[in-house]
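Trainee: Below you'll find entry14.csv; it's CSV, C-alpha atoms and all ligand atoms.
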```
chain,number,residue,atom,x,y,z
A,1,MET,CA,-45.7,56.8,42.9
A,2,ILE,CA,-46.4,57.2,46.6
A,3,GLN,CA,-50.1,56.6,46.7
A,4,PRO,CA,-52.3,58.8,48.9
A,5,SER,CA,-54.1,55.7,50.2
A,6,THR,CA,-51.0,54.5,51.8
A,7,ALA,CA,-49.8,57.8,53.1
A,8,PRO,CA,-49.7,57.6,56.9
A,9,ALA,CA,-51.4,60.3,58.9
A,10,ARG,CA,-48.6,60.4,61.5
A,11,PRO,CA,-45.0,60.5,60.6
A,12,ARG,CA,-43.6,56.9,60.3
A,13,VAL,CA,-40.7,55.6,62.3
A,14,LEU,CA,-38.9,52.3,61.7
A,15,SER,CA,-36.1,50.8,63.8
A,16,GLY,CA,-34.7,47.4,64.7
A,17,VAL,CA,-32.2,45.5,66.8
A,18,GLN,CA,-30.3,42.3,66.0
A,19,PRO,CA,-31.2,39.2,67.9
A,20,THR,CA,-27.6,38.5,68.7
A,21,GLY,CA,-26.6,38.4,72.4
A,22,ALA,CA,-28.7,39.7,75.2
A,23,LEU,CA,-29.9,43.3,74.9
A,24,HIS,CA,-28.2,45.4,77.5
A,25,LEU,CA,-28.7,48.7,79.3
A,26,GLY,CA,-27.3,50.6,76.3
A,27,ASN,CA,-29.9,49.2,74.0
A,28,TRP,CA,-32.6,50.0,76.4
A,29,LEU,CA,-31.7,53.5,77.6
A,30,GLY,CA,-30.1,54.6,74.4
A,31,ALA,CA,-32.7,53.2,71.9
A,32,ILE,CA,-35.7,51.2,72.9
A,33,ARG,CA,-36.8,53.6,75.7
A,34,ASN,CA,-37.0,56.3,73.0
A,35,TRP,CA,-39.1,54.1,70.8
A,36,VAL,CA,-41.6,53.8,73.6
A,37,ASP,CA,-42.0,57.5,73.7
A,38,LEU,CA,-42.6,57.7,69.9
A,39,GLN,CA,-45.5,55.3,69.9
A,40,ASP,CA,-48.2,57.9,70.5
A,41,SER,CA,-47.0,60.6,68.2
A,42,HIS,CA,-45.8,58.4,65.4
A,43,GLU,CA,-46.8,55.4,63.4
A,44,THR,CA,-44.1,52.9,64.6
A,45,PHE,CA,-42.6,49.7,63.1
A,46,PHE,CA,-40.1,47.8,65.2
A,47,CYS,CA,-38.5,44.8,63.8
A,48,VAL,CA,-36.1,42.1,65.1
A,49,VAL,CA,-33.5,42.1,62.3
A,50,ASP,CA,-32.8,38.4,62.2
A,51,LEU,CA,-31.5,38.5,58.6
A,52,HIS,CA,-28.8,40.9,59.7
A,53,ALA,CA,-27.8,38.4,62.5
A,54,ILE,CA,-26.5,35.9,59.9
A,55,THR,CA,-24.1,38.3,58.3
A,56,VAL,CA,-21.5,36.9,60.7
A,57,PRO,CA,-21.2,33.2,61.6
A,58,HIS,CA,-24.2,32.3,63.7
A,59,ASP,CA,-25.7,29.3,65.6
A,60,PRO,CA,-28.9,28.0,63.8
A,61,LYS,CA,-30.0,26.3,67.0
A,62,ARG,CA,-30.3,29.7,68.7
A,63,LEU,CA,-31.6,32.0,66.0
A,64,ALA,CA,-35.4,31.4,66.4
A,65,GLU,CA,-35.1,31.5,70.2
A,66,ASP,CA,-33.0,34.7,70.2
A,67,THR,CA,-35.5,36.3,67.9
A,68,LEU,CA,-38.4,35.5,70.3
A,69,THR,CA,-36.3,36.8,73.2
A,70,THR,CA,-35.6,40.1,71.5
A,71,ALA,CA,-39.2,40.6,70.6
A,72,ALA,CA,-40.3,39.8,74.1
A,73,LEU,CA,-37.8,42.3,75.4
A,74,TYR,CA,-39.3,45.0,73.1
A,75,LEU,CA,-42.6,44.4,74.7
A,76,ALA,CA,-41.2,44.1,78.2
A,77,CYS,CA,-39.6,47.6,77.7
A,78,GLY,CA,-43.0,49.0,76.9
A,79,ILE,CA,-43.5,48.7,73.2
A,80,ASP,CA,-47.2,48.2,72.9
A,81,PRO,CA,-48.3,45.9,70.0
A,82,GLN,CA,-51.7,47.7,69.9
A,83,ARG,CA,-49.9,50.9,68.8
A,84,ALA,CA,-46.7,49.6,67.3
A,85,THR,CA,-46.1,47.0,64.6
A,86,VAL,CA,-43.6,44.4,66.0
A,87,PHE,CA,-42.3,41.8,63.7
A,88,ALA,CA,-39.4,39.6,62.7
A,89,GLN,CA,-37.6,40.9,59.6
A,90,SER,CA,-37.2,37.4,58.0
A,91,GLN,CA,-40.9,36.8,58.1
A,92,VAL,CA,-41.6,39.6,55.7
A,93,SER,CA,-40.0,38.4,52.5
A,94,ALA,CA,-40.2,41.8,50.9
A,95,HIS,CA,-37.0,42.7,52.9
A,96,SER,CA,-34.9,40.2,51.1
A,97,GLU,CA,-36.5,41.0,47.8
A,98,LEU,CA,-36.1,44.7,47.9
A,99,CYS,CA,-32.5,44.2,49.1
A,100,TRP,CA,-31.8,42.3,45.9
A,101,LEU,CA,-33.3,45.1,43.7
A,102,LEU,CA,-31.3,47.7,45.6
A,103,ASN,CA,-28.1,45.6,45.4
A,104,CYS,CA,-28.3,46.0,41.6
A,105,VAL,CA,-28.4,49.8,41.7
A,106,THR,CA,-25.9,50.3,44.5
A,107,PRO,CA,-22.3,51.0,43.6
A,108,LEU,CA,-19.9,48.5,45.2
A,109,ASN,CA,-17.5,51.2,46.4
A,110,TRP,CA,-20.3,52.8,48.5
A,111,LEU,CA,-20.3,49.6,50.5
A,112,GLU,CA,-16.6,49.1,50.6
A,113,ARG,CA,-16.1,52.5,52.4
A,114,MET,CA,-18.6,51.7,55.2
A,115,ILE,CA,-16.7,52.1,58.5
A,116,GLN,CA,-18.6,49.3,60.3
A,117,PHE,CA,-17.9,46.9,57.4
A,118,LYS,CA,-14.2,47.7,57.6
A,119,GLU,CA,-14.1,47.2,61.3
A,120,LYS,CA,-16.2,44.0,61.3
A,121,ALA,CA,-14.2,42.6,58.3
A,122,LEU,CA,-11.0,43.1,60.1
A,123,LYS,CA,-12.3,41.0,63.0
A,124,GLN,CA,-13.5,38.2,60.7
A,125,GLY,CA,-10.1,37.7,59.0
A,126,ASP,CA,-10.6,35.8,55.7
A,127,ASN,CA,-14.1,34.6,56.6
A,128,VAL,CA,-16.0,37.7,55.4
A,129,SER,CA,-19.3,37.0,53.7
A,130,VAL,CA,-20.9,38.9,50.9
A,131,GLY,CA,-23.8,39.4,53.4
A,132,LEU,CA,-21.5,41.4,55.7
A,133,LEU,CA,-20.7,43.8,52.9
A,134,ASP,CA,-24.3,43.9,51.9
A,135,TYR,CA,-25.6,44.6,55.5
A,136,PRO,CA,-26.3,48.3,54.8
A,137,VAL,CA,-28.3,47.6,51.7
A,138,LEU,CA,-30.6,45.2,53.7
A,139,MET,CA,-30.9,48.0,56.3
A,140,ALA,CA,-31.8,50.4,53.5
A,141,ALA,CA,-34.5,48.0,52.3
A,142,ASP,CA,-35.9,47.7,55.9
A,143,ILE,CA,-36.3,51.5,56.1
A,144,LEU,CA,-37.4,52.2,52.6
A,145,LEU,CA,-40.1,49.5,52.5
A,146,TYR,CA,-42.1,51.4,55.1
A,147,ASP,CA,-41.8,54.9,53.6
A,148,ALA,CA,-40.2,55.7,57.0
A,149,ASP,CA,-40.0,59.5,57.7
A,150,LEU,CA,-37.7,59.0,60.6
A,151,VAL,CA,-35.2,56.5,61.7
A,152,PRO,CA,-33.9,56.6,65.3
A,153,VAL,CA,-30.2,55.8,65.1
A,154,GLY,CA,-27.2,56.1,67.2
A,155,GLU,CA,-24.0,57.6,66.1
A,156,ASP,CA,-22.6,54.3,64.8
A,157,GLN,CA,-25.5,53.9,62.3
A,158,LYS,CA,-25.5,57.3,60.8
A,159,GLN,CA,-23.4,56.3,57.9
A,160,HIS,CA,-25.8,53.5,57.1
A,161,LEU,CA,-28.7,55.8,57.1
A,162,GLU,CA,-26.9,58.2,54.9
A,163,LEU,CA,-26.4,55.3,52.5
A,164,ALA,CA,-30.1,54.5,52.5
A,165,ARG,CA,-30.9,58.1,51.6
A,166,ASP,CA,-28.4,58.1,48.8
A,167,ILE,CA,-29.8,54.8,47.4
A,168,ALA,CA,-33.3,56.1,47.5
A,169,GLN,CA,-32.6,59.5,46.1
A,170,GLN,CA,-29.8,59.1,43.6
A,171,ARG,CA,-30.1,55.5,42.6
A,172,VAL,CA,-33.8,54.9,42.5
A,173,ASN,CA,-35.8,58.1,42.4
A,174,ALA,CA,-33.4,60.1,40.2
A,175,ARG,CA,-33.0,57.2,37.7
A,176,TYR,CA,-36.4,55.5,37.7
A,177,ALA,CA,-39.1,58.0,38.6
A,178,PRO,CA,-40.3,59.5,35.4
A,179,ASP,CA,-41.8,62.5,37.3
A,180,PRO,CA,-39.6,64.0,40.0
A,181,GLU,CA,-42.8,65.2,41.7
A,182,HIS,CA,-43.7,61.6,42.3
A,183,PRO,CA,-40.7,59.8,43.8
A,184,ILE,CA,-40.7,56.0,44.1
A,185,LEU,CA,-39.1,55.9,47.5
A,186,LYS,CA,-39.4,58.2,50.5
A,187,VAL,CA,-36.1,59.6,51.6
A,188,PRO,CA,-35.8,59.1,55.4
A,189,GLU,CA,-34.3,61.5,57.9
A,190,PRO,CA,-32.3,60.4,60.9
A,191,LEU,CA,-33.8,61.0,64.3
A,192,ILE,CA,-31.0,61.8,66.7
A,193,LEU,CA,-31.7,60.3,70.0
A,194,ARG,CA,-31.9,62.4,73.1
A,195,GLU,CA,-28.7,63.4,74.7
A,196,GLY,CA,-27.1,61.7,77.7
A,197,ALA,CA,-28.4,58.3,76.8
A,198,ARG,CA,-25.2,56.9,75.4
A,199,VAL,CA,-24.2,54.2,77.8
A,200,MET,CA,-20.6,53.3,77.9
A,201,SER,CA,-18.8,50.1,78.9
A,202,LEU,CA,-18.4,49.4,82.7
A,203,ILE,CA,-14.8,48.6,82.2
A,204,ASP,CA,-13.9,51.5,79.8
A,205,GLY,CA,-15.7,54.7,80.1
A,206,SER,CA,-14.6,55.8,76.6
A,207,ALA,CA,-16.0,52.7,74.7
A,208,LYS,CA,-19.7,52.2,74.0
A,209,MET,CA,-21.4,49.4,75.9
A,210,SER,CA,-21.6,46.6,73.3
A,211,LYS,CA,-23.0,43.2,72.8
A,212,SER,CA,-19.9,42.1,71.0
A,213,ASP,CA,-17.4,42.9,73.8
A,214,PRO,CA,-15.9,39.5,74.8
A,215,ASN,CA,-15.9,40.7,78.5
A,216,GLU,CA,-19.4,40.2,79.9
A,217,GLY,CA,-18.4,42.4,82.8
A,218,SER,CA,-18.5,45.3,80.4
A,219,ARG,CA,-22.2,45.4,80.1
A,220,ILE,CA,-25.4,44.8,82.2
A,221,THR,CA,-27.9,42.8,80.2
A,222,LEU,CA,-31.6,43.4,80.7
A,223,LEU,CA,-32.0,39.9,82.0
A,224,ASP,CA,-29.1,39.8,84.5
A,225,PRO,CA,-30.3,38.8,87.9
A,226,PRO,CA,-29.8,41.2,90.8
A,227,GLU,CA,-26.7,39.5,92.2
A,228,VAL,CA,-25.0,39.6,88.7
A,229,ILE,CA,-25.9,43.3,88.4
A,230,THR,CA,-24.4,44.0,91.8
A,231,ARG,CA,-21.3,42.1,91.1
A,232,LYS,CA,-20.7,43.8,87.7
A,233,ILE,CA,-21.1,47.2,89.2
A,234,LYS,CA,-18.8,46.4,92.1
A,235,ARG,CA,-16.1,45.4,89.6
A,236,ALA,CA,-16.7,48.4,87.3
A,237,LYS,CA,-13.7,50.6,86.6
A,238,THR,CA,-13.3,53.6,88.9
A,239,ASP,CA,-10.7,56.3,89.4
A,240,PRO,CA,-8.9,57.5,92.6
A,241,VAL,CA,-10.9,60.8,92.7
A,242,MET,CA,-13.6,61.4,95.4
A,243,GLY,CA,-17.0,62.6,94.3
A,244,LEU,CA,-19.0,61.8,91.1
A,245,GLU,CA,-19.2,64.4,88.3
A,246,PHE,CA,-20.2,65.0,84.7
A,247,GLY,CA,-18.1,66.2,81.9
A,248,ASN,CA,-14.6,65.8,83.3
A,249,PRO,CA,-12.6,64.5,80.3
A,250,GLU,CA,-10.1,62.9,82.7
A,251,ARG,CA,-12.9,60.9,84.3
A,252,PRO,CA,-15.0,59.0,81.7
A,253,GLU,CA,-16.0,56.3,84.1
A,254,ALA,CA,-17.4,58.9,86.6
A,255,ASP,CA,-19.3,60.5,83.8
A,256,ASN,CA,-20.7,57.2,82.5
A,257,LEU,CA,-21.7,55.7,85.9
A,258,LEU,CA,-23.3,59.0,87.1
A,259,GLY,CA,-25.2,59.2,83.8
A,260,LEU,CA,-26.4,55.7,84.3
A,261,TYR,CA,-27.5,56.5,87.8
A,262,ALA,CA,-29.4,59.6,86.6
A,263,LEU,CA,-31.3,57.4,84.2
A,264,VAL,CA,-32.0,54.3,86.3
A,265,SER,CA,-32.9,56.3,89.4
A,266,GLY,CA,-35.2,58.6,87.5
A,267,LEU,CA,-33.6,61.6,89.2
A,268,GLY,CA,-32.3,63.2,86.1
A,269,ARG,CA,-28.8,64.5,85.5
A,270,GLU,CA,-28.9,67.6,87.7
A,271,GLN,CA,-30.3,66.0,90.8
A,272,ALA,CA,-28.1,63.0,90.5
A,273,ALA,CA,-25.0,65.2,90.1
A,274,ALA,CA,-26.0,67.1,93.2
A,275,ALA,CA,-26.7,64.0,95.2
A,276,CYS,CA,-23.4,62.3,94.4
A,277,ALA,CA,-21.0,65.3,94.1
A,278,SER,CA,-19.2,64.5,97.3
A,279,MET,CA,-19.8,60.8,97.5
A,280,GLY,CA,-17.0,58.3,97.3
A,281,TRP,CA,-17.1,55.3,95.0
A,282,GLY,CA,-17.6,53.0,97.9
A,283,ALA,CA,-20.9,54.6,98.8
A,284,PHE,CA,-21.9,55.3,95.2
A,285,LYS,CA,-21.6,51.8,93.8
A,286,PRO,CA,-24.2,50.1,96.0
A,287,LEU,CA,-26.6,53.0,95.3
A,288,LEU,CA,-26.2,52.5,91.6
A,289,ALA,CA,-26.5,48.7,91.9
A,290,GLU,CA,-29.8,49.0,93.8
A,291,ALA,CA,-31.3,51.6,91.5
A,292,THR,CA,-30.3,49.5,88.5
A,293,VAL,CA,-31.9,46.3,90.0
A,294,GLU,CA,-35.1,48.3,90.8
A,295,ALA,CA,-35.3,49.8,87.3
A,296,LEU,CA,-35.0,46.4,85.7
A,297,ARG,CA,-37.3,44.6,88.1
A,298,PRO,CA,-40.6,45.4,86.4
A,299,LEU,CA,-39.1,44.8,83.0
A,300,GLN,CA,-37.8,41.4,84.0
A,301,GLN,CA,-41.2,40.5,85.5
A,302,ARG,CA,-43.0,41.4,82.3
A,303,TYR,CA,-40.5,39.5,80.3
A,304,GLY,CA,-41.0,36.4,82.5
A,305,GLU,CA,-44.8,36.6,81.9
A,306,LEU,CA,-44.4,36.9,78.2
A,307,ARG,CA,-42.1,34.0,77.9
A,308,SER,CA,-44.4,31.8,79.9
A,309,ASP,CA,-47.2,32.5,77.5
A,310,PRO,CA,-45.8,31.6,74.1
A,311,ALA,CA,-49.2,31.9,72.3
A,312,THR,CA,-49.5,35.6,73.1
A,313,LEU,CA,-46.0,36.4,71.8
A,314,GLU,CA,-46.6,34.3,68.7
A,315,ALA,CA,-49.9,36.2,68.0
A,316,VAL,CA,-48.1,39.5,68.4
A,317,LEU,CA,-45.5,38.5,65.8
A,318,ARG,CA,-48.1,37.0,63.4
A,319,ASP,CA,-50.2,40.2,63.6
A,320,GLY,CA,-47.1,42.3,63.2
A,321,ARG,CA,-46.0,40.3,60.2
A,322,GLU,CA,-49.4,40.8,58.5
A,323,ARG,CA,-49.4,44.5,59.1
A,324,ALA,CA,-45.8,44.9,58.0
A,325,SER,CA,-46.3,42.7,54.9
A,326,ALA,CA,-49.2,44.8,53.8
A,327,VAL,CA,-47.2,48.0,53.9
A,328,ALA,CA,-44.0,46.5,52.5
A,329,GLY,CA,-45.8,44.8,49.7
A,330,VAL,CA,-47.1,48.1,48.3
A,331,THR,CA,-43.6,49.6,48.2
A,332,LEU,CA,-42.1,46.5,46.7
A,333,GLN,CA,-44.6,46.6,43.9
A,334,ARG,CA,-43.8,50.3,43.2
A,335,VAL,CA,-40.1,49.5,42.9
A,336,ARG,CA,-40.8,46.4,40.7
A,337,ARG,CA,-42.9,48.4,38.4
A,338,ALA,CA,-40.4,51.3,38.2
A,339,LEU,CA,-37.6,48.8,37.3
A,340,GLY,CA,-39.8,47.4,34.6
A,341,PHE,CA,-40.5,43.9,35.8
A,342,LEU,CA,-43.3,41.8,34.3
A,343,ALA,CA,-46.4,42.5,36.4
A,344,LEU,CA,-47.6,40.0,39.0
A,345,ASN,CA,-51.2,39.2,38.1
A,401,LIG,N1,-27.9,48.2,61.9
A,401,LIG,C1,-28.7,48.5,63.0
A,401,LIG,C2,-27.9,48.4,64.3
A,401,LIG,O1,-27.0,47.5,64.4
A,401,LIG,C3,-29.9,47.5,63.1
A,401,LIG,C4,-30.8,47.8,62.0
A,401,LIG,C5,-31.1,47.0,60.9
A,401,LIG,C6,-31.7,48.9,61.8
A,401,LIG,N2,-32.1,47.5,60.1
A,401,LIG,C7,-32.4,48.7,60.6
A,401,LIG,C8,-31.8,50.1,62.5
A,401,LIG,C9,-33.3,49.7,60.2
A,401,LIG,C10,-32.7,51.1,62.1
A,401,LIG,C11,-33.5,50.8,60.9
A,401,LIG,O2,-28.2,49.1,65.2
```
Output the file's structure as C-alpha cells, nothing else.
Ligand code: TRP
Mentor:
Amino acid sequence: MIQPSTAPARPRVLSGVQPTGALHLGNWLGAIRNWVDLQDSHETFFCVVDLHAITVPHDPKRLAEDTLTTAALYLACGIDPQRATVFAQSQVSAHSELCWLLNCVTPLNWLERMIQFKEKALKQGDNVSVGLLDYPVLMAADILLYDADLVPVGEDQKQHLELARDIAQQRVNARYAPDPEHPILKVPEPLILREGARVMSLIDGSAKMSKSDPNEGSRITLLDPPEVITRKIKRAKTDPVMGLEFGNPERPEADNLLGLYALVSGLGREQAAAACASMGWGAFKPLLAEATVEALRPLQQRYGELRSDPATLEAVLRDGRERASAVAGVTLQRVRRALGFLALN
C-alpha cells in the first residue's frame, strides 16, 4: 500500500545519467537543464546510474572517479543539493534488490524486444552480458523505488519507461495487490522534454550527439577547453548554402547548429534565426564557438571549484544516499511484503 506518510506533497521526478564518458552539450541542453527547472516545482531525485555503466565492459580504475565527475557536473549545471536529492545508484542497495524482485516477474521476451538492447547487443558481438539485457529492469527499479510521478526522458528512453509502467501495472500491481484501490507501485508518466533541445552530432546533423560515437569531433563535452570547442566547431559539417535556417530537411546541419546557437547564446530560436538568416558559415562558426565557450565558462568554473573540494562533494553524495535510502527502503519493504517474503524484524 502507498502509505500516506510517504506521499510527497509535490509531484516526484527521478532521472539519471550514466557515468560513462564525459557529459556533452546534448546531455546538458537536452536533459540536465530541464532538471534544473523542475527543482522548485517538484520533489527531485537525480542519480548517477553507475550500476548501468557496467552493463558493457568497463574500466574499474575509472568507475568511482567517473561517478564523482558526473555528480559534480550535475551540481555545476545548477542542480542544488538543498532542493534535489543527488546520489550514486550503487550506494543505495535497494536498486539491486528491487531489480532482482522485478526480474522474477518480467517476461524474458519483453526484454528481448527492446530496441536499445538489440542495437547494443549487435555492437558487442558475442560478448553480451545478462546485465545488458536486464538494463531496463534496473531502470524500472530506479524509477519505481521512488514512487516517481514523472520521468524526464528523451525519445530513445521512451520504450524503457513504457516497460517500467508495464512491470508496475501488469506484473506487480495486477498480480500482487489484493485491493486494486491500493496499488503496490506507482505507475510513472513520461515527461517529454521541451522542444528544440535535441542536440545532434557536429559531423552528422541527422544523428543524435552521443557519448558512444567513436569520433570525439562529433560532440562538445562540458569540460572541453575553449580551444577544443573552437576547433570542433570549425571542423563541424556544413553545406554549400549561404544563410542559417531552421526546418529545411535538406539542411540538418544548419538546423542543428542554429538550434545550438539559439540555446547557448540565450537568444532563443526566433531571434537567432533572424540574426543568422543571411550569414555565411564563415561568419557563423566563430560566433557559435564564442557563445558556446561563454555558456560553458561558469559551469566549468563551478566544476573546478567542486573538484578541488572533495569533502563537499562527498557530503552531498552521503546526504543524498541517506535521503534516497529512506524513500527506497519503504518501497522495497512494500514489494517484499506483497511477494510474501519473511518479514525483516
Ligand atoms: N537509461 C537512461 C539513459 O541512458 C539512464 C537511466 C537509468 C535513467 N535509470 C534511469 C533515466 C531512471 C531515467 C530514470 O538515458
Trainee: Show me a table, sorted first by chain and then by increasing residue number, of the residues of chain A having an atom at most 8 Å from ligand LIG 401 (chain A), each with its shortest atom pair and the distance in Å to one decimal, counting all atoms listed in the file and written as a Markdown table.
Mentor:
```
| residue | atom | partner | partner_atom | distance |
| --- | --- | --- | --- | --- |
| A:Leu14 | CA | A:LIG401 | C11 | 5.7 |
| A:Ser15 | CA | A:LIG401 | C10 | 3.8 |
| A:Gly16 | CA | A:LIG401 | C6 | 4.4 |
| A:Val17 | CA | A:LIG401 | C3 | 4.8 |
| A:Gln18 | CA | A:LIG401 | C3 | 6.0 |
| A:Cys47 | CA | A:LIG401 | N2 | 7.9 |
| A:Val49 | CA | A:LIG401 | C5 | 5.6 |
| A:His52 | CA | A:LIG401 | C5 | 6.6 |
| A:Tyr135 | CA | A:LIG401 | N1 | 7.7 |
| A:Pro136 | CA | A:LIG401 | N1 | 7.3 |
| A:Leu138 | CA | A:LIG401 | N2 | 7.0 |
| A:Met139 | CA | A:LIG401 | N2 | 4.0 |
| A:Ala140 | CA | A:LIG401 | C9 | 6.9 |
| A:Asp142 | CA | A:LIG401 | C9 | 5.4 |
| A:Ile143 | CA | A:LIG401 | C9 | 5.4 |
| A:Val151 | CA | A:LIG401 | C10 | 6.0 |
| A:Pro152 | CA | A:LIG401 | C10 | 6.5 |
| A:Val153 | CA | A:LIG401 | C10 | 6.1 |
| A:Gly154 | CA | A:LIG401 | O2 | 7.3 |
| A:Asp156 | CA | A:LIG401 | O2 | 7.7 |
| A:Gln157 | CA | A:LIG401 | N1 | 6.2 |
| A:His160 | CA | A:LIG401 | N1 | 7.5 |
| A:Leu161 | CA | A:LIG401 | C11 | 7.9 |
```
Trainee: Show which residues sit within 7 Å of stretch 228-230 of chain A, as a VMD selection string. Count all atoms listed in the file, and ignore same-chain residues fewer than 5 positions away.
Mentor: chain A and resid 220 289 293
Trainee: Identify which of the residues A:Pro190, A:Glu97, A:Lys120, A:Phe341 lies closest to A:Ser212, counting all atoms listed in the file when measuring atom-to-atom distances.
Mentor: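 Nearest to A:Ser212: A:Lys120.
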Trainee: Record the distance separating atom CA of A:Ala88 and atom CA of A:Pro310, expressed in Å with one decimal.
Mentor: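 Between atom CA of A:Ala88 and atom CA of A:Pro310 the gap is 15.3 Å.
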Trainee: Given the point (-41.0, 39.0, 80.7) in the coordinates of this file, which residues lie within 6 Å, counting all atoms listed in the file, and how would they look as a count of residues only?
Mentor: 9
Trainee: Atom CA of A:Thr44 and atom CA of A:Asp80, how far apart in Å?
Mentor: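 Between atom CA of A:Asp80 and atom CA of A:Thr44 the gap works out to 10.0 Å.
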